[in-house]
>>> print(open('query_33.csv').read())   # CSV, C-alpha atoms
chain,number,residue,atom,x,y,z
A,18,MET,CA,0.0,0.0,0.0
A,19,PRO,CA,1.3,3.5,-0.9
A,20,ARG,CA,2.2,5.8,2.0
A,21,ILE,CA,1.2,9.4,1.5
A,22,THR,CA,1.9,12.6,3.5
A,23,VAL,CA,-0.8,15.3,3.5
A,24,THR,CA,-1.2,18.5,5.5
A,25,VAL,CA,-4.9,19.0,6.4
A,26,ASP,CA,-6.0,22.2,8.1
A,27,GLY,CA,-2.4,22.8,9.2
A,28,VAL,CA,-1.8,19.3,10.6
A,29,LYS,CA,0.6,16.9,8.8
A,30,TYR,CA,-0.5,13.3,8.4
A,31,GLU,CA,1.2,10.2,7.1
A,32,GLU,CA,-1.2,7.5,6.0
A,33,ASP,CA,-1.0,4.1,4.2
A,34,VAL,CA,-3.8,4.2,1.6
A,35,GLU,CA,-5.3,1.9,-1.0
A,36,PRO,CA,-4.5,3.3,-4.5
A,37,ARG,CA,-8.2,3.6,-5.2
A,38,LEU,CA,-9.2,5.5,-2.0
A,39,LEU,CA,-10.9,8.8,-2.8
A,40,LEU,CA,-9.6,11.9,-1.0
A,41,VAL,CA,-13.1,12.6,0.4
A,42,HIS,CA,-13.1,9.2,2.1
A,43,LEU,CA,-9.6,9.7,3.5
A,44,LEU,CA,-10.7,13.1,4.9
A,45,ARG,CA,-13.9,11.8,6.5
A,46,GLU,CA,-13.2,8.2,7.5
A,47,ARG,CA,-9.5,8.3,8.4
A,48,LEU,CA,-8.9,11.9,9.4
A,49,GLY,CA,-12.2,12.8,10.9
A,50,ARG,CA,-13.0,15.8,8.7
A,51,THR,CA,-16.7,15.0,8.5
A,52,GLY,CA,-17.6,18.6,7.5
A,53,THR,CA,-16.7,17.6,3.9
A,54,PRO,CA,-19.8,15.7,2.8
A,55,VAL,CA,-20.0,12.9,0.2
A,56,GLY,CA,-22.7,14.2,-2.1
A,57,CYS,CA,-22.7,12.4,-5.4
A,58,ASP,CA,-19.4,10.6,-5.7
A,59,THR,CA,-19.4,11.7,-9.4
A,60,SER,CA,-18.1,15.3,-9.0
A,61,ASN,CA,-21.4,16.7,-10.2
A,62,CYS,CA,-22.7,18.4,-7.0
A,63,GLY,CA,-19.6,20.1,-5.5
A,64,ALA,CA,-20.6,19.4,-1.9
A,65,CYS,CA,-17.2,17.8,-1.2
A,66,THR,CA,-15.2,20.9,-2.4
A,67,ILE,CA,-12.0,21.5,-0.5
A,68,MET,CA,-8.9,23.6,-1.2
A,69,LEU,CA,-6.0,21.5,-2.6
A,70,ASP,CA,-2.8,23.5,-2.7
A,71,GLY,CA,-4.8,26.7,-2.6
A,72,LYS,CA,-7.3,25.9,-5.3
A,73,SER,CA,-10.8,24.4,-5.0
A,74,ALA,CA,-11.1,20.8,-5.9
A,75,LYS,CA,-13.9,18.2,-5.6
A,76,SER,CA,-12.5,15.7,-3.2
A,77,CYS,CA,-14.6,12.9,-4.6
A,78,SER,CA,-12.8,13.2,-7.9
A,79,VAL,CA,-9.3,13.1,-6.5
A,80,LEU,CA,-7.5,9.9,-5.4
A,81,ALA,CA,-5.8,10.2,-2.0
A,82,VAL,CA,-2.5,9.2,-3.6
A,83,GLN,CA,-2.8,12.1,-6.0
A,84,ALA,CA,-2.9,14.4,-2.9
A,85,ASP,CA,0.5,13.1,-1.7
A,86,GLY,CA,2.6,16.1,-0.5
A,87,CYS,CA,-0.3,18.5,-0.8
A,88,ASP,CA,-1.7,21.1,1.5
A,89,ILE,CA,-5.5,20.6,2.0
A,90,LEU,CA,-7.9,23.0,3.6
A,91,THR,CA,-11.4,21.8,4.6
A,92,ILE,CA,-14.4,23.7,5.9
A,93,GLU,CA,-13.2,22.8,9.5
A,94,GLY,CA,-9.9,24.6,8.9
A,95,LEU,CA,-11.5,27.9,7.9
A,96,SER,CA,-12.3,29.1,11.4
A,97,GLU,CA,-9.7,30.6,13.6
A,98,GLY,CA,-9.8,30.7,17.4
A,99,GLY,CA,-13.5,29.6,17.4
A,100,ARG,CA,-14.5,32.4,15.1
A,101,MET,CA,-16.1,31.6,11.8
A,102,HIS,CA,-14.4,32.7,8.6
A,103,PRO,CA,-16.0,35.8,7.1
A,104,MET,CA,-17.5,33.7,4.3
A,105,GLN,CA,-19.0,31.2,6.7
A,106,ARG,CA,-20.4,34.1,8.7
A,107,ALA,CA,-21.9,35.7,5.6
A,108,PHE,CA,-23.6,32.4,4.6
A,109,HIS,CA,-25.1,32.3,8.1
A,110,GLU,CA,-26.2,35.9,8.2
A,111,GLU,CA,-27.6,35.9,4.7
A,112,HIS,CA,-29.5,32.6,5.3
A,113,ALA,CA,-27.7,31.1,2.4
A,114,LEU,CA,-28.6,27.6,3.4
A,115,GLN,CA,-31.6,25.4,4.1
A,116,CYS,CA,-30.6,21.8,4.7
A,117,GLY,CA,-26.9,22.8,4.7
A,118,TYR,CA,-25.6,19.8,2.9
A,119,CYS,CA,-24.1,21.8,0.0
A,120,THR,CA,-22.9,24.7,2.3
A,121,PRO,CA,-19.3,23.5,2.9
A,122,GLY,CA,-18.6,23.1,-0.8
A,123,MET,CA,-20.3,26.4,-1.6
A,124,VAL,CA,-18.3,28.2,1.0
A,125,MET,CA,-15.0,26.7,-0.3
A,126,ALA,CA,-15.9,27.4,-3.9
A,127,ALA,CA,-16.9,31.0,-3.0
A,128,ILE,CA,-13.5,31.6,-1.3
A,129,ASP,CA,-11.7,30.3,-4.3
A,130,LEU,CA,-13.8,32.5,-6.6
A,131,LEU,CA,-12.8,35.6,-4.6
A,132,ARG,CA,-9.1,34.5,-4.8
A,133,GLU,CA,-9.4,34.8,-8.6
A,134,ASP,CA,-11.8,37.7,-8.7
A,135,PRO,CA,-11.9,39.9,-5.6
A,136,ASP,CA,-14.6,42.1,-7.1
A,137,PRO,CA,-17.2,39.7,-8.7
A,138,SER,CA,-20.4,40.8,-10.2
A,139,GLU,CA,-23.6,38.7,-9.6
A,140,GLU,CA,-23.1,37.1,-13.0
A,141,THR,CA,-19.5,36.2,-12.1
A,142,ILE,CA,-20.6,34.7,-8.8
A,143,ARG,CA,-23.3,32.6,-10.4
A,144,HIS,CA,-20.9,31.4,-13.1
A,145,GLY,CA,-18.2,30.7,-10.5
A,146,LEU,CA,-20.5,28.5,-8.5
A,147,GLU,CA,-21.9,26.6,-11.4
A,148,GLY,CA,-20.2,23.4,-10.4
A,149,ASN,CA,-21.8,23.5,-6.9
A,150,LEU,CA,-25.5,22.5,-6.7
A,151,CYS,CA,-28.0,23.4,-4.1
A,152,ARG,CA,-31.3,21.6,-4.3
A,153,CYS,CA,-33.0,23.7,-1.7
A,154,THR,CA,-32.5,27.3,-2.5
A,155,GLY,CA,-32.9,29.5,-5.5
A,156,TYR,CA,-29.3,30.7,-5.1
A,157,CYS,CA,-30.3,34.4,-4.4
A,158,ASN,CA,-29.2,34.2,-0.8
A,159,ILE,CA,-26.1,32.3,-1.8
A,160,VAL,CA,-25.1,35.1,-4.2
A,161,ARG,CA,-25.9,37.7,-1.5
A,162,ALA,CA,-23.7,35.7,1.0
A,163,VAL,CA,-20.8,35.7,-1.4
A,164,ARG,CA,-21.1,39.4,-2.0
A,165,ARG,CA,-21.2,40.0,1.8
A,166,GLY,CA,-18.4,37.6,2.4
A,167,ALA,CA,-16.3,39.6,-0.1
A,168,GLN,CA,-17.0,42.8,1.7
A,169,GLU,CA,-16.2,41.3,5.1
A,170,MET,CA,-13.0,39.9,3.7
A,171,GLY,CA,-12.1,43.5,2.9
A,172,GLN,CA,-12.6,43.2,-0.8
A,173,ALA,CA,-14.7,45.5,-3.0
A,174,VAL,CA,-17.9,44.2,-4.6
A,175,ASN,CA,-19.7,45.6,-7.6
A,176,THR,CA,-23.1,47.3,-6.9
A,177,PRO,CA,-26.1,45.8,-8.7
>>> encode(input="query_33.csv", output="structure tokens")
Amino acid sequence: MPRITVTVDGVKYEEDVEPRLLLVHLLRERLGRTGTPVGCDTSNCGACTIMLDGKSAKSCSVLAVQADGCDILTIEGLSEGGRMHPMQRAFHEEHALQCGYCTPGMVMAAIDLLREDPDPSEETIRHGLEGNLCRCTGYCNIVRAVRRGAQEMGQAVNTP
């Protein structure tokens, strides 16, 4: 079995993994990062989105062995000192969730979107989150949350 080394939320792990083990299952079952849900196992829904070396990735479409040597950030790693990340807080304050299943992936994708475009329009936000599905909302509150999160992160946001 291959031995991999990954840094998850700032903690370094060495694990022996089956070559076919998906990263999402390593995170959840071996490392206890259950905030990253398994949505579809086909990379269609985006619920399992994490940051892999600073870029968003759907962890159900990455083998754990492919993440060897990588830095991984999960939804659990966003908060600091018990305080929610500004994007997490924005999702909460804008009621950008109903069942909450898609929320971790949406938050991670939104943060990655702002890394690439710190001043996104509504259209850019909607396009940037296309790979993340929410079956409960109409996305209006999610878009508002991303705009608010950008503001709280100290980034300018276009006015409608």
>>> closest_residue(input="query_33.csv", among="A:His102, A:Thr66, A:Arg50, A:Val82", to="Arg37 of chain A", atoms="only C-alpha atoms")
A:Val82
>>> closest_residue(input="query_33.csv", among="A:Arg161, A:Arg20, A:Arg152, A:Arg132", to="Ala84 of chain A", atoms="all atoms listed in the file")
A:Arg20
>>> residues_near_point(input="query_33.csv", point="(0.5, 9.7, 0.8)", cutoff="8 Å", atoms="only C-alpha atoms", output="PDB file with C-alpha atoms, in the coordinates of the input")
ATOM      1  CA  PRO A  19       1.300   3.500  -0.900  1.00  0.00           C
ATOM      2  CA  ARG A  20       2.200   5.800   2.000  1.00  0.00           C
ATOM      3  CA  ILE A  21       1.200   9.400   1.500  1.00  0.00           C
ATOM      4  CA  THR A  22       1.900  12.600   3.500  1.00  0.00           C
ATOM      5  CA  VAL A  23      -0.800  15.300   3.500  1.00  0.00           C
ATOM      6  CA  GLU A  31       1.200  10.200   7.100  1.00  0.00           C
ATOM      7  CA  GLU A  32      -1.200   7.500   6.000  1.00  0.00           C
ATOM      8  CA  ASP A  33      -1.000   4.100   4.200  1.00  0.00           C
ATOM      9  CA  VAL A  34      -3.800   4.200   1.600  1.00  0.00           C
ATOM     10  CA  ALA A  81      -5.800  10.200  -2.000  1.00  0.00           C
ATOM     11  CA  VAL A  82      -2.500   9.200  -3.600  1.00  0.00           C
ATOM     12  CA  GLN A  83      -2.800  12.100  -6.000  1.00  0.00           C
ATOM     13  CA  ALA A  84      -2.900  14.400  -2.900  1.00  0.00           C
ATOM     14  CA  ASP A  85       0.500  13.100  -1.700  1.00  0.00           C
ATOM     15  CA  GLY A  86       2.600  16.100  -0.500  1.00  0.00           C
TER      16      GLY A  86
END
>>> residues_near_point(input="query_33.csv", point="(-5.6, 11.7, 8.2)", cutoff="6 Å", atoms="only C-alpha atoms", output="MDAnalysis selection string")
chainID A and resid 30 47:48
>>> atom_distance(input="query_33.csv", atom1="atom CA of Asp26 of chain A", atom2="atom CA of Glu169 of chain A")
21.9 Å
>>> residues_around(input="query_33.csv", residues="Ala74 of chain A", least_positions_apart="4", cutoff="9 Å", atoms="all atoms listed in the file", output="CSV table (one decimal) with C-alpha atoms, in the frame of the given file")
chain,number,residue,atom,x,y,z
A,63,GLY,CA,-19.6,20.1,-5.5
A,65,CYS,CA,-17.2,17.8,-1.2
A,66,THR,CA,-15.2,20.9,-2.4
A,67,ILE,CA,-12.0,21.5,-0.5
A,68,MET,CA,-8.9,23.6,-1.2
A,69,LEU,CA,-6.0,21.5,-2.6
A,78,SER,CA,-12.8,13.2,-7.9
A,79,VAL,CA,-9.3,13.1,-6.5
A,126,ALA,CA,-15.9,27.4,-3.9
>>> residues_around(input="query_33.csv", residues="Ala107 of chain A", least_positions_apart="6", cutoff="6 Å", atoms="all atoms listed in the file", output="ChimeraX atom specification")
/A:162,165-166
>>> closest_residue(input="query_33.csv", among="A:Gln115, A:Asn61, A:Gln168, A:Thr24", to="Leu131 of chain A", atoms="all atoms listed in the file")
A:Gln168
>>> residues_around(input="query_33.csv", residues="Cys157 of chain A", least_positions_apart="2", cutoff="12 Å", atoms="all atoms listed in the file", output="ChimeraX atom specification")
/A:108,111-114,139-140,142-143,151,153-155,159-164
>>> atom_distance(input="query_33.csv", atom1="atom CA of Val41 of chain A", atom2="atom CA of His144 of chain A")
24.4 Å
>>> build_atoms(input="query_33.csv", residues="segment 58-70 of chain A", atoms="N, CA, C and O atoms", output="PDB file, keeping the file's coordinate frame")
ATOM      1  N   ASP A  58     -20.468  11.457  -5.341  1.00  0.00           N
ATOM      2  CA  ASP A  58     -19.400  10.600  -5.700  1.00  0.00           C
ATOM      3  C   ASP A  58     -19.088  10.595  -7.229  1.00  0.00           C
ATOM      4  O   ASP A  58     -18.451   9.693  -7.766  1.00  0.00           O
ATOM      5  N   THR A  59     -19.590  11.598  -7.925  1.00  0.00           N
ATOM      6  CA  THR A  59     -19.400  11.700  -9.400  1.00  0.00           C
ATOM      7  C   THR A  59     -18.849  13.064  -9.788  1.00  0.00           C
ATOM      8  O   THR A  59     -18.769  13.348 -10.966  1.00  0.00           O
ATOM      9  N   SER A  60     -18.565  13.919  -8.865  1.00  0.00           N
ATOM     10  CA  SER A  60     -18.100  15.300  -9.000  1.00  0.00           C
ATOM     11  C   SER A  60     -19.114  16.218  -9.677  1.00  0.00           C
ATOM     12  O   SER A  60     -18.769  17.278 -10.184  1.00  0.00           O
ATOM     13  N   ASN A  61     -20.375  15.862  -9.618  1.00  0.00           N
ATOM     14  CA  ASN A  61     -21.400  16.700 -10.200  1.00  0.00           C
ATOM     15  C   ASN A  61     -21.944  17.776  -9.232  1.00  0.00           C
ATOM     16  O   ASN A  61     -22.329  18.846  -9.669  1.00  0.00           O
ATOM     17  N   CYS A  62     -21.973  17.498  -7.928  1.00  0.00           N
ATOM     18  CA  CYS A  62     -22.700  18.400  -7.000  1.00  0.00           C
ATOM     19  C   CYS A  62     -21.781  19.433  -6.330  1.00  0.00           C
ATOM     20  O   CYS A  62     -22.245  20.493  -5.940  1.00  0.00           O
ATOM     21  N   GLY A  63     -20.512  19.134  -6.113  1.00  0.00           N
ATOM     22  CA  GLY A  63     -19.600  20.100  -5.500  1.00  0.00           C
ATOM     23  C   GLY A  63     -19.671  20.152  -3.976  1.00  0.00           C
ATOM     24  O   GLY A  63     -18.957  20.945  -3.367  1.00  0.00           O
ATOM     25  N   ALA A  64     -20.505  19.334  -3.337  1.00  0.00           N
ATOM     26  CA  ALA A  64     -20.600  19.400  -1.900  1.00  0.00           C
ATOM     27  C   ALA A  64     -19.298  19.076  -1.185  1.00  0.00           C
ATOM     28  O   ALA A  64     -19.027  19.569  -0.096  1.00  0.00           O
ATOM     29  N   CYS A  65     -18.451  18.277  -1.829  1.00  0.00           N
ATOM     30  CA  CYS A  65     -17.200  17.800  -1.200  1.00  0.00           C
ATOM     31  C   CYS A  65     -16.011  18.755  -1.557  1.00  0.00           C
ATOM     32  O   CYS A  65     -14.858  18.381  -1.344  1.00  0.00           O
ATOM     33  N   THR A  66     -16.279  19.958  -2.024  1.00  0.00           N
ATOM     34  CA  THR A  66     -15.200  20.900  -2.400  1.00  0.00           C
ATOM     35  C   THR A  66     -14.315  21.234  -1.245  1.00  0.00           C
ATOM     36  O   THR A  66     -14.804  21.597  -0.171  1.00  0.00           O
ATOM     37  N   ILE A  67     -13.019  21.146  -1.485  1.00  0.00           N
ATOM     38  CA  ILE A  67     -12.000  21.500  -0.500  1.00  0.00           C
ATOM     39  C   ILE A  67     -10.972  22.379  -1.258  1.00  0.00           C
ATOM     40  O   ILE A  67     -11.101  22.582  -2.463  1.00  0.00           O
ATOM     41  N   MET A  68      -9.996  22.882  -0.553  1.00  0.00           N
ATOM     42  CA  MET A  68      -8.900  23.600  -1.200  1.00  0.00           C
ATOM     43  C   MET A  68      -7.697  22.610  -1.223  1.00  0.00           C
ATOM     44  O   MET A  68      -7.320  22.052  -0.192  1.00  0.00           O
ATOM     45  N   LEU A  69      -7.155  22.414  -2.399  1.00  0.00           N
ATOM     46  CA  LEU A  69      -6.000  21.500  -2.600  1.00  0.00           C
ATOM     47  C   LEU A  69      -4.886  22.410  -3.146  1.00  0.00           C
ATOM     48  O   LEU A  69      -4.988  22.927  -4.263  1.00  0.00           O
ATOM     49  N   ASP A  70      -3.879  22.620  -2.320  1.00  0.00           N
ATOM     50  CA  ASP A  70      -2.800  23.500  -2.700  1.00  0.00           C
ATOM     51  C   ASP A  70      -3.320  24.901  -3.098  1.00  0.00           C
ATOM     52  O   ASP A  70      -2.873  25.491  -4.086  1.00  0.00           O
TER      53      ASP A  70
END
